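Structure file work_5.pdb with PDB, C-alpha atoms:
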```
ATOM      1  CA  MET A   1     -44.301 -35.045  20.211
ATOM      2  CA  SER A   2     -42.970 -37.472  17.612
ATOM      3  CA  GLN A   3     -45.099 -40.284  16.265
ATOM      4  CA  VAL A   4     -44.045 -43.696  15.034
ATOM      5  CA  ILE A   5     -44.771 -42.597  11.463
ATOM      6  CA  ASP A   6     -42.145 -39.832  11.756
ATOM      7  CA  ILE A   7     -39.482 -42.283  12.940
ATOM      8  CA  TYR A   8     -40.520 -44.869  10.359
ATOM      9  CA  LYS A   9     -40.106 -42.325   7.547
ATOM     10  CA  ALA A  10     -36.647 -41.359   8.801
ATOM     11  CA  LEU A  11     -35.579 -45.005   8.989
ATOM     12  CA  ASP A  12     -37.021 -45.579   5.528
ATOM     13  CA  GLU A  13     -34.692 -42.877   4.205
ATOM     14  CA  LEU A  14     -31.741 -44.572   5.903
ATOM     15  CA  ALA A  15     -32.619 -48.093   4.755
ATOM     16  CA  PRO A  16     -35.709 -48.289   2.518
ATOM     17  CA  PHE A  17     -38.067 -50.980   3.712
ATOM     18  CA  SER A  18     -39.012 -51.665   0.103
ATOM     19  CA  SER A  19     -35.490 -53.021  -0.463
ATOM     20  CA  GLN A  20     -35.932 -55.975   1.906
ATOM     21  CA  THR A  21     -35.730 -59.457   0.387
ATOM     22  CA  ALA A  22     -38.907 -61.258  -0.621
ATOM     23  CA  TRP A  23     -38.649 -63.720   2.288
ATOM     24  CA  ASP A  24     -38.082 -61.046   4.931
ATOM     25  CA  ASN A  25     -40.561 -59.397   7.312
ATOM     26  CA  SER A  26     -39.267 -55.925   8.113
ATOM     27  CA  GLY A  27     -41.288 -52.832   8.980
ATOM     28  CA  VAL A  28     -43.858 -52.067  11.679
ATOM     29  CA  LEU A  29     -44.724 -55.527  12.997
ATOM     30  CA  VAL A  30     -46.493 -54.593  16.243
ATOM     31  CA  GLY A  31     -48.521 -51.510  17.056
ATOM     32  CA  SER A  32     -49.561 -48.391  15.213
ATOM     33  CA  LEU A  33     -47.896 -45.761  13.063
ATOM     34  CA  SER A  34     -49.947 -43.108  14.859
ATOM     35  CA  SER A  35     -48.620 -43.944  18.342
ATOM     36  CA  LYS A  36     -46.718 -41.210  20.138
ATOM     37  CA  VAL A  37     -43.079 -41.836  21.039
ATOM     38  CA  LYS A  38     -41.026 -40.455  23.912
ATOM     39  CA  LYS A  39     -38.717 -43.393  24.594
ATOM     40  CA  ILE A  40     -37.091 -45.966  22.296
ATOM     41  CA  ILE A  41     -35.186 -49.128  23.092
ATOM     42  CA  LEU A  42     -32.770 -50.624  20.538
ATOM     43  CA  THR A  43     -32.033 -54.345  20.345
ATOM     44  CA  LEU A  44     -30.680 -56.943  17.938
ATOM     45  CA  ASP A  45     -33.224 -59.607  18.902
ATOM     46  CA  ILE A  46     -36.587 -59.343  20.614
ATOM     47  CA  THR A  47     -36.830 -62.072  23.217
ATOM     48  CA  TYR A  48     -39.377 -62.356  26.000
ATOM     49  CA  GLU A  49     -36.818 -60.707  28.278
ATOM     50  CA  THR A  50     -36.264 -57.717  25.991
ATOM     51  CA  ALA A  51     -40.018 -57.278  25.543
ATOM     52  CA  VAL A  52     -40.512 -57.179  29.317
ATOM     53  CA  GLU A  53     -37.559 -54.817  29.631
ATOM     54  CA  ALA A  54     -39.184 -52.449  27.126
ATOM     55  CA  TYR A  55     -42.347 -52.403  29.227
ATOM     56  CA  LYS A  56     -40.510 -51.901  32.512
ATOM     57  CA  ILE A  57     -38.430 -48.950  31.313
ATOM     58  CA  GLY A  58     -41.465 -47.275  29.776
ATOM     59  CA  ALA A  59     -40.468 -47.579  26.122
ATOM     60  CA  ASP A  60     -43.053 -46.623  23.526
ATOM     61  CA  LEU A  61     -41.117 -48.091  20.602
ATOM     62  CA  VAL A  62     -38.726 -50.989  20.091
ATOM     63  CA  ILE A  63     -36.421 -50.913  17.081
ATOM     64  CA  SER A  64     -34.768 -54.246  16.358
ATOM     65  CA  HIS A  65     -32.726 -55.788  13.584
ATOM     66  CA  HIS A  66     -34.271 -59.257  13.590
ATOM     67  CA  PRO A  67     -38.045 -59.432  13.079
ATOM     68  CA  VAL A  68     -40.150 -60.143  16.164
ATOM     69  CA  ILE A  69     -42.550 -61.997  13.848
ATOM     70  CA  PHE A  70     -40.851 -64.026  11.131
ATOM     71  CA  SER A  71     -42.781 -67.273  10.726
ATOM     72  CA  PRO A  72     -46.598 -67.113  10.847
ATOM     73  CA  LEU A  73     -48.007 -67.233  14.388
ATOM     74  CA  LYS A  74     -50.437 -70.088  14.901
ATOM     75  CA  ARG A  75     -51.368 -69.139  18.458
ATOM     76  CA  LEU A  76     -51.016 -66.049  20.652
ATOM     77  CA  ASP A  77     -48.962 -67.343  23.549
ATOM     78  CA  GLU A  78     -48.625 -64.941  26.487
ATOM     79  CA  ASN A  79     -44.842 -65.480  26.473
ATOM     80  CA  ASN A  80     -44.470 -64.595  22.815
ATOM     81  CA  PRO A  81     -42.571 -61.276  22.631
ATOM     82  CA  ALA A  82     -44.959 -59.851  20.030
ATOM     83  CA  VAL A  83     -47.893 -60.594  22.335
ATOM     84  CA  VAL A  84     -46.122 -58.995  25.308
ATOM     85  CA  LEU A  85     -45.401 -55.849  23.298
ATOM     86  CA  SER A  86     -48.933 -55.648  21.930
ATOM     87  CA  LYS A  87     -50.410 -56.115  25.406
ATOM     88  CA  HIS A  88     -48.477 -53.089  26.664
ATOM     89  CA  ASN A  89     -49.095 -50.970  23.540
ATOM     90  CA  ILE A  90     -45.435 -50.904  22.528
ATOM     91  CA  THR A  91     -44.876 -50.474  18.815
ATOM     92  CA  THR A  92     -42.101 -52.401  17.096
ATOM     93  CA  ILE A  93     -40.118 -51.537  13.964
ATOM     94  CA  CYS A  94     -37.805 -54.233  12.618
ATOM     95  CA  MET A  95     -35.016 -53.393  10.156
ATOM     96  CA  HIS A  96     -33.546 -56.613   8.824
ATOM     97  CA  THR A  97     -32.357 -57.191   5.264
ATOM     98  CA  ASN A  98     -33.117 -53.607   4.262
ATOM     99  CA  PHE A  99     -30.550 -52.491   6.866
ATOM    100  CA  ASP A 100     -28.091 -55.236   5.872
ATOM    101  CA  ILE A 101     -27.778 -53.935   2.326
ATOM    102  CA  ALA A 102     -28.118 -50.190   2.960
ATOM    103  CA  ASN A 103     -25.216 -47.831   2.415
ATOM    104  CA  GLY A 104     -23.916 -47.213   5.916
ATOM    105  CA  GLY A 105     -25.931 -50.191   7.162
ATOM    106  CA  MET A 106     -24.934 -53.391   8.920
ATOM    107  CA  ASN A 107     -22.249 -54.580   6.514
ATOM    108  CA  ASP A 108     -20.552 -51.188   6.404
ATOM    109  CA  ILE A 109     -20.681 -51.000  10.206
ATOM    110  CA  LEU A 110     -19.083 -54.454  10.387
ATOM    111  CA  CYS A 111     -16.261 -53.320   8.103
ATOM    112  CA  GLU A 112     -15.744 -50.270  10.300
ATOM    113  CA  LYS A 113     -15.664 -52.404  13.461
ATOM    114  CA  LEU A 114     -12.972 -54.533  11.838
ATOM    115  CA  GLY A 115     -10.989 -51.464  10.833
ATOM    116  CA  LEU A 116     -11.537 -52.090   7.125
ATOM    117  CA  SER A 117     -12.727 -49.881   4.286
ATOM    118  CA  PRO A 118     -14.985 -51.386   1.604
ATOM    119  CA  ASN A 119     -13.563 -51.342  -1.902
ATOM    120  CA  GLU A 120     -15.512 -48.829  -3.943
ATOM    121  CA  GLY A 121     -17.805 -50.455  -6.471
ATOM    122  CA  GLU A 122     -17.259 -54.024  -5.196
ATOM    123  CA  ILE A 123     -20.158 -55.946  -3.664
ATOM    124  CA  LEU A 124     -19.826 -59.519  -2.432
ATOM    125  CA  ASN A 125     -22.971 -60.633  -4.275
ATOM    126  CA  GLU A 126     -24.553 -58.219  -6.739
ATOM    127  CA  ASN A 127     -27.758 -60.239  -7.166
ATOM    128  CA  ASP A 128     -28.646 -59.897  -3.485
ATOM    129  CA  ASN A 129     -26.759 -56.602  -3.128
ATOM    130  CA  ILE A 130     -25.206 -58.093  -0.011
ATOM    131  CA  GLY A 131     -21.763 -58.000   1.564
ATOM    132  CA  ARG A 132     -18.605 -55.985   1.061
ATOM    133  CA  ILE A 133     -15.083 -56.573  -0.279
ATOM    134  CA  CYS A 134     -12.127 -55.094   1.631
ATOM    135  CA  CYS A 135      -8.345 -55.152   1.343
ATOM    136  CA  LEU A 136      -6.030 -55.472   4.307
ATOM    137  CA  SER A 137      -3.383 -52.803   4.867
ATOM    138  CA  LYS A 138      -0.817 -55.604   4.785
ATOM    139  CA  PRO A 139      -1.136 -59.362   4.154
ATOM    140  CA  ALA A 140      -1.613 -61.646   7.163
ATOM    141  CA  ASP A 141      -2.095 -65.337   7.821
ATOM    142  CA  VAL A 142      -5.562 -66.676   8.689
ATOM    143  CA  PRO A 143      -4.926 -67.383  12.418
ATOM    144  CA  THR A 144      -3.741 -63.783  12.854
ATOM    145  CA  VAL A 145      -6.869 -62.429  11.160
ATOM    146  CA  ALA A 146      -9.086 -64.763  13.206
ATOM    147  CA  LYS A 147      -7.596 -63.470  16.467
ATOM    148  CA  TRP A 148      -7.998 -59.893  15.286
ATOM    149  CA  VAL A 149     -11.669 -60.497  14.388
ATOM    150  CA  LYS A 150     -12.313 -62.139  17.762
ATOM    151  CA  ASP A 151     -10.850 -59.171  19.627
ATOM    152  CA  ALA A 152     -12.528 -56.532  17.461
ATOM    153  CA  LEU A 153     -16.026 -57.993  17.859
ATOM    154  CA  GLY A 154     -15.688 -59.320  21.406
ATOM    155  CA  CYS A 155     -16.502 -62.886  20.356
ATOM    156  CA  ARG A 156     -16.250 -65.626  22.947
ATOM    157  CA  ILE A 157     -15.165 -68.073  20.265
ATOM    158  CA  VAL A 158     -14.239 -67.866  16.589
ATOM    159  CA  ARG A 159     -14.234 -70.855  14.236
ATOM    160  CA  TYR A 160     -12.182 -70.931  11.069
ATOM    161  CA  ASN A 161     -10.498 -73.109   8.477
ATOM    162  CA  ASP A 162      -7.092 -72.243   7.139
ATOM    163  CA  ALA A 163      -6.792 -72.958   3.425
ATOM    164  CA  GLY A 164      -3.103 -72.045   3.607
ATOM    165  CA  ARG A 165      -3.243 -68.821   1.617
ATOM    166  CA  GLU A 166      -2.003 -65.508   2.963
ATOM    167  CA  VAL A 167      -4.852 -63.022   3.220
ATOM    168  CA  SER A 168      -4.828 -59.664   1.463
ATOM    169  CA  LYS A 169      -8.432 -59.406   0.221
ATOM    170  CA  VAL A 170     -11.479 -60.268   2.332
ATOM    171  CA  GLY A 171     -15.200 -60.783   1.792
ATOM    172  CA  ILE A 172     -17.446 -59.476   4.581
ATOM    173  CA  CYS A 173     -21.041 -60.515   5.275
ATOM    174  CA  SER A 174     -22.785 -59.915   8.579
ATOM    175  CA  GLY A 175     -25.108 -62.527  10.063
ATOM    176  CA  SER A 176     -25.264 -65.666   7.946
ATOM    177  CA  GLY A 177     -23.340 -65.532   4.681
ATOM    178  CA  ALA A 178     -21.446 -68.771   4.141
ATOM    179  CA  GLU A 179     -23.350 -69.249   0.865
ATOM    180  CA  TYR A 180     -21.325 -66.387  -0.613
ATOM    181  CA  PHE A 181     -17.889 -67.986  -0.316
ATOM    182  CA  ALA A 182     -17.861 -68.771  -4.049
ATOM    183  CA  ASP A 183     -18.558 -65.099  -4.791
ATOM    184  CA  ALA A 184     -15.693 -64.086  -2.508
ATOM    185  CA  LEU A 185     -13.381 -66.545  -4.242
ATOM    186  CA  GLU A 186     -14.423 -65.342  -7.688
ATOM    187  CA  LYS A 187     -13.602 -61.762  -6.670
ATOM    188  CA  GLY A 188     -10.084 -62.688  -5.616
ATOM    189  CA  CYS A 189     -10.632 -62.984  -1.866
ATOM    190  CA  GLN A 190      -8.603 -65.441   0.163
ATOM    191  CA  LEU A 191     -11.024 -65.218   3.111
ATOM    192  CA  LEU A 192     -14.701 -64.672   3.922
ATOM    193  CA  ILE A 193     -15.719 -63.360   7.362
ATOM    194  CA  THR A 194     -19.320 -64.093   8.352
ATOM    195  CA  GLY A 195     -21.365 -66.186  10.821
ATOM    196  CA  ASP A 196     -23.489 -69.344  11.034
ATOM    197  CA  ILE A 197     -21.081 -71.482   9.003
ATOM    198  CA  LYS A 198     -22.045 -75.148   8.722
ATOM    199  CA  HIS A 199     -19.573 -78.015   8.657
ATOM    200  CA  HIS A 200     -20.120 -78.748   4.966
ATOM    201  CA  ASP A 201     -19.543 -75.061   4.164
ATOM    202  CA  PHE A 202     -16.115 -75.268   5.795
ATOM    203  CA  ILE A 203     -15.324 -78.435   3.818
ATOM    204  CA  ASP A 204     -16.530 -77.032   0.492
ATOM    205  CA  ALA A 205     -14.663 -73.757   1.006
ATOM    206  CA  HIS A 206     -11.501 -75.545   2.085
ATOM    207  CA  ASN A 207     -11.588 -77.758  -1.004
ATOM    208  CA  ALA A 208     -12.105 -74.651  -3.159
ATOM    209  CA  GLY A 209      -9.045 -73.012  -1.596
ATOM    210  CA  ILE A 210     -10.668 -70.234   0.442
ATOM    211  CA  SER A 211     -10.667 -69.738   4.217
ATOM    212  CA  LEU A 212     -13.770 -68.929   6.271
ATOM    213  CA  ILE A 213     -14.007 -67.222   9.652
ATOM    214  CA  ASP A 214     -17.201 -67.796  11.633
ATOM    215  CA  ALA A 215     -17.440 -64.921  14.119
ATOM    216  CA  GLY A 216     -21.041 -65.754  14.985
ATOM    217  CA  HIS A 217     -24.361 -64.320  13.858
ATOM    218  CA  PHE A 218     -24.790 -62.387  17.104
ATOM    219  CA  TYR A 219     -21.349 -60.788  17.176
ATOM    220  CA  THR A 220     -21.304 -59.737  13.532
ATOM    221  CA  GLU A 221     -24.613 -57.890  13.981
ATOM    222  CA  ASN A 222     -24.757 -56.716  17.599
ATOM    223  CA  ILE A 223     -22.783 -53.666  16.510
ATOM    224  CA  PHE A 224     -25.204 -51.075  15.136
ATOM    225  CA  TYR A 225     -26.460 -49.237  18.215
ATOM    226  CA  ASP A 226     -24.140 -46.232  18.240
ATOM    227  CA  LYS A 227     -24.767 -45.463  14.572
ATOM    228  CA  LEU A 228     -28.540 -45.837  14.767
ATOM    229  CA  LYS A 229     -28.825 -43.912  18.030
ATOM    230  CA  ALA A 230     -26.789 -41.018  16.606
ATOM    231  CA  PHE A 231     -28.916 -41.002  13.448
ATOM    232  CA  LEU A 232     -32.191 -40.899  15.387
ATOM    233  CA  LEU A 233     -31.056 -38.247  17.862
ATOM    234  CA  GLY A 234     -29.883 -36.129  14.950
ATOM    235  CA  ARG A 235     -33.464 -36.142  13.649
ATOM    236  CA  PHE A 236     -35.334 -36.331  16.953
ATOM    237  CA  PRO A 237     -33.203 -34.788  19.736
ATOM    238  CA  GLU A 238     -36.151 -34.813  22.136
ATOM    239  CA  LEU A 239     -36.290 -38.613  22.225
ATOM    240  CA  GLU A 240     -34.864 -40.789  24.974
ATOM    241  CA  ILE A 241     -33.048 -43.780  23.448
ATOM    242  CA  GLU A 242     -31.641 -46.751  25.336
ATOM    243  CA  VAL A 243     -29.851 -49.894  24.239
ATOM    244  CA  SER A 244     -31.338 -53.090  25.649
ATOM    245  CA  ARG A 245     -29.463 -54.587  28.577
ATOM    246  CA  LYS A 246     -31.299 -57.888  28.157
ATOM    247  CA  ASN A 247     -30.155 -58.410  24.596
ATOM    248  CA  ILE A 248     -27.337 -60.893  25.129
ATOM    249  CA  ASP A 249     -25.885 -63.889  23.341
ATOM    250  CA  ILE A 250     -28.100 -66.592  24.852
ATOM    251  CA  VAL A 251     -25.920 -69.394  23.469
ATOM    252  CA  ASN A 252     -23.503 -70.736  26.081
ATOM    253  CA  VAL A 253     -20.101 -72.287  25.407
ATOM    254  CA  ILE A 254     -17.887 -74.387  27.678
TER     255      ILE A 254
END
```
Let me see the structure of the file written as structure tokens.
Amino acid sequence: MSQVIDIYKALDELAPFSSQTAWDNSGVLVGSLSSKVKKIILTLDITYETAVEAYKIGADLVISHHPVIFSPLKRLDENNPAVVLSKHNITTICMHTNFDIANGGMNDILCEKLGLSPNEGEILNENDNIGRICCLSKPADVPTVAKWVKDALGCRIVRYNDAGREVSKVGICSGSGAEYFADALEKGCQLLITGDIKHHDFIDAHNAGISLIDAGHFYTENIFYDKLKAFLLGRFPELEIEVSRKNIDIVNVI
């Protein structure tokens, strides 16, 4: 029977945990490396609901993108997901920024979901080793690209500014990447696709002459399950792997 340490080592080959940013908290955050694993549940976020779901379906291991413990815990509340998982002896591995920057990781999956191929040798920001640069098969206006992104990712809403330039080259950054619009502009992009864009980011980008599409943090990252499941089953065919049904976009729009 597989142990957590076996799965951790495989994931470390895919996206080395040592490559995570200094402010991140990826790795085994709950439980033990020596625990035995028969069943895994995959999720983007670990909420109270997903933690309970893991317990109810008999999961031994949760693998998430966002860390279940990010800021220091000052009290062990019974509704805290990390406490729920620990109580039921469910180990948790979180793959955050190490998976964002990995070859074949989150940003490459996002490009694939959008039907784009990253330009070889071009990274959105070399210092952080984050993001991708892609070229469209044919130029398009920003509203057309925004609609295409919305449909491709299943977003309920998409926010964008239109700087008035036809788009042929695009910067891609999953999650929250508005800070990289200047990098995208410097590399000849007319558009940056990301999430979590603030009002002043839209204004600054618009004044600089580049368009931004905010497809949402959730929708630009809730896309990795098929790839990760296939990778794990290729290494550990005896495992049972499920995708969380409780992992949903909890933000409502009207």
| query | Mind telling me what the PyMOL selection byres ((chain A and resi 22-31) around 7) catches here, as a ChimeraX atom specification? | reply | /A:17,20-21,32,67,69-70,82,86,89-97
Could you take the residues named above and write them with C-alpha atoms, as a short mmCIF file (atom, residue, chain, number, x, y, z; two decimals), in the frame of the given file?
```
data_model
loop_
_atom_site.label_atom_id
_atom_site.label_comp_id
_atom_site.auth_asym_id
_atom_site.auth_seq_id
_atom_site.Cartn_x
_atom_site.Cartn_y
_atom_site.Cartn_z
CA PHE A 17 -38.07 -50.98 3.71
CA GLN A 20 -35.93 -55.98 1.91
CA THR A 21 -35.73 -59.46 0.39
CA SER A 32 -49.56 -48.39 15.21
CA PRO A 67 -38.04 -59.43 13.08
CA ILE A 69 -42.55 -62.00 13.85
CA PHE A 70 -40.85 -64.03 11.13
CA ALA A 82 -44.96 -59.85 20.03
CA SER A 86 -48.93 -55.65 21.93
CA ASN A 89 -49.10 -50.97 23.54
CA ILE A 90 -45.44 -50.90 22.53
CA THR A 91 -44.88 -50.47 18.82
CA THR A 92 -42.10 -52.40 17.10
CA ILE A 93 -40.12 -51.54 13.96
CA CYS A 94 -37.80 -54.23 12.62
CA MET A 95 -35.02 -53.39 10.16
CA HIS A 96 -33.55 -56.61 8.82
CA THR A 97 -32.36 -57.19 5.26
#
```
| said: Show me, as a list in words, the residues that have an atom within 9 Å of Ile101 in chain A when counting only C-alpha atoms, minus same-chain residues fewer than 2 positions from it. | reply: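 Residues near the query, excluding close chain neighbours: Ala15, Ser19, Gln20, Thr97, Asn98, Phe99, Asn103, Gly104, Gly105, Met106, Asn107, Asp108, Asp128, Asn129, Ile130 and Gly131 of chain A.
Candidate residues A:Ala146, A:Leu124, A:Val243, A:Ala10 were compared for distance to Gly188 in chain A, and the nearest is A:Leu124, using all atoms listed in the file.
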| Which residues come within 12 Å of Tyr225 in chain A, counting all atoms listed in the file, excluding same-chain residues fewer than 5 positions away, as number ranges by chain? | A: 40-44, 63-65, 105-106, 109-110, 230-233, 241-244, 247
| Selected residue, from A:Ile197, A:Ile213, A:Leu73, A:Leu85, that lies nearest to Thr144 in chain A when counting all atoms listed in the file |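 Going through A:Ile197, A:Ile213, A:Leu73, A:Leu85 one by one, the smallest distance to Thr144 in chain A is for A:Ile213.
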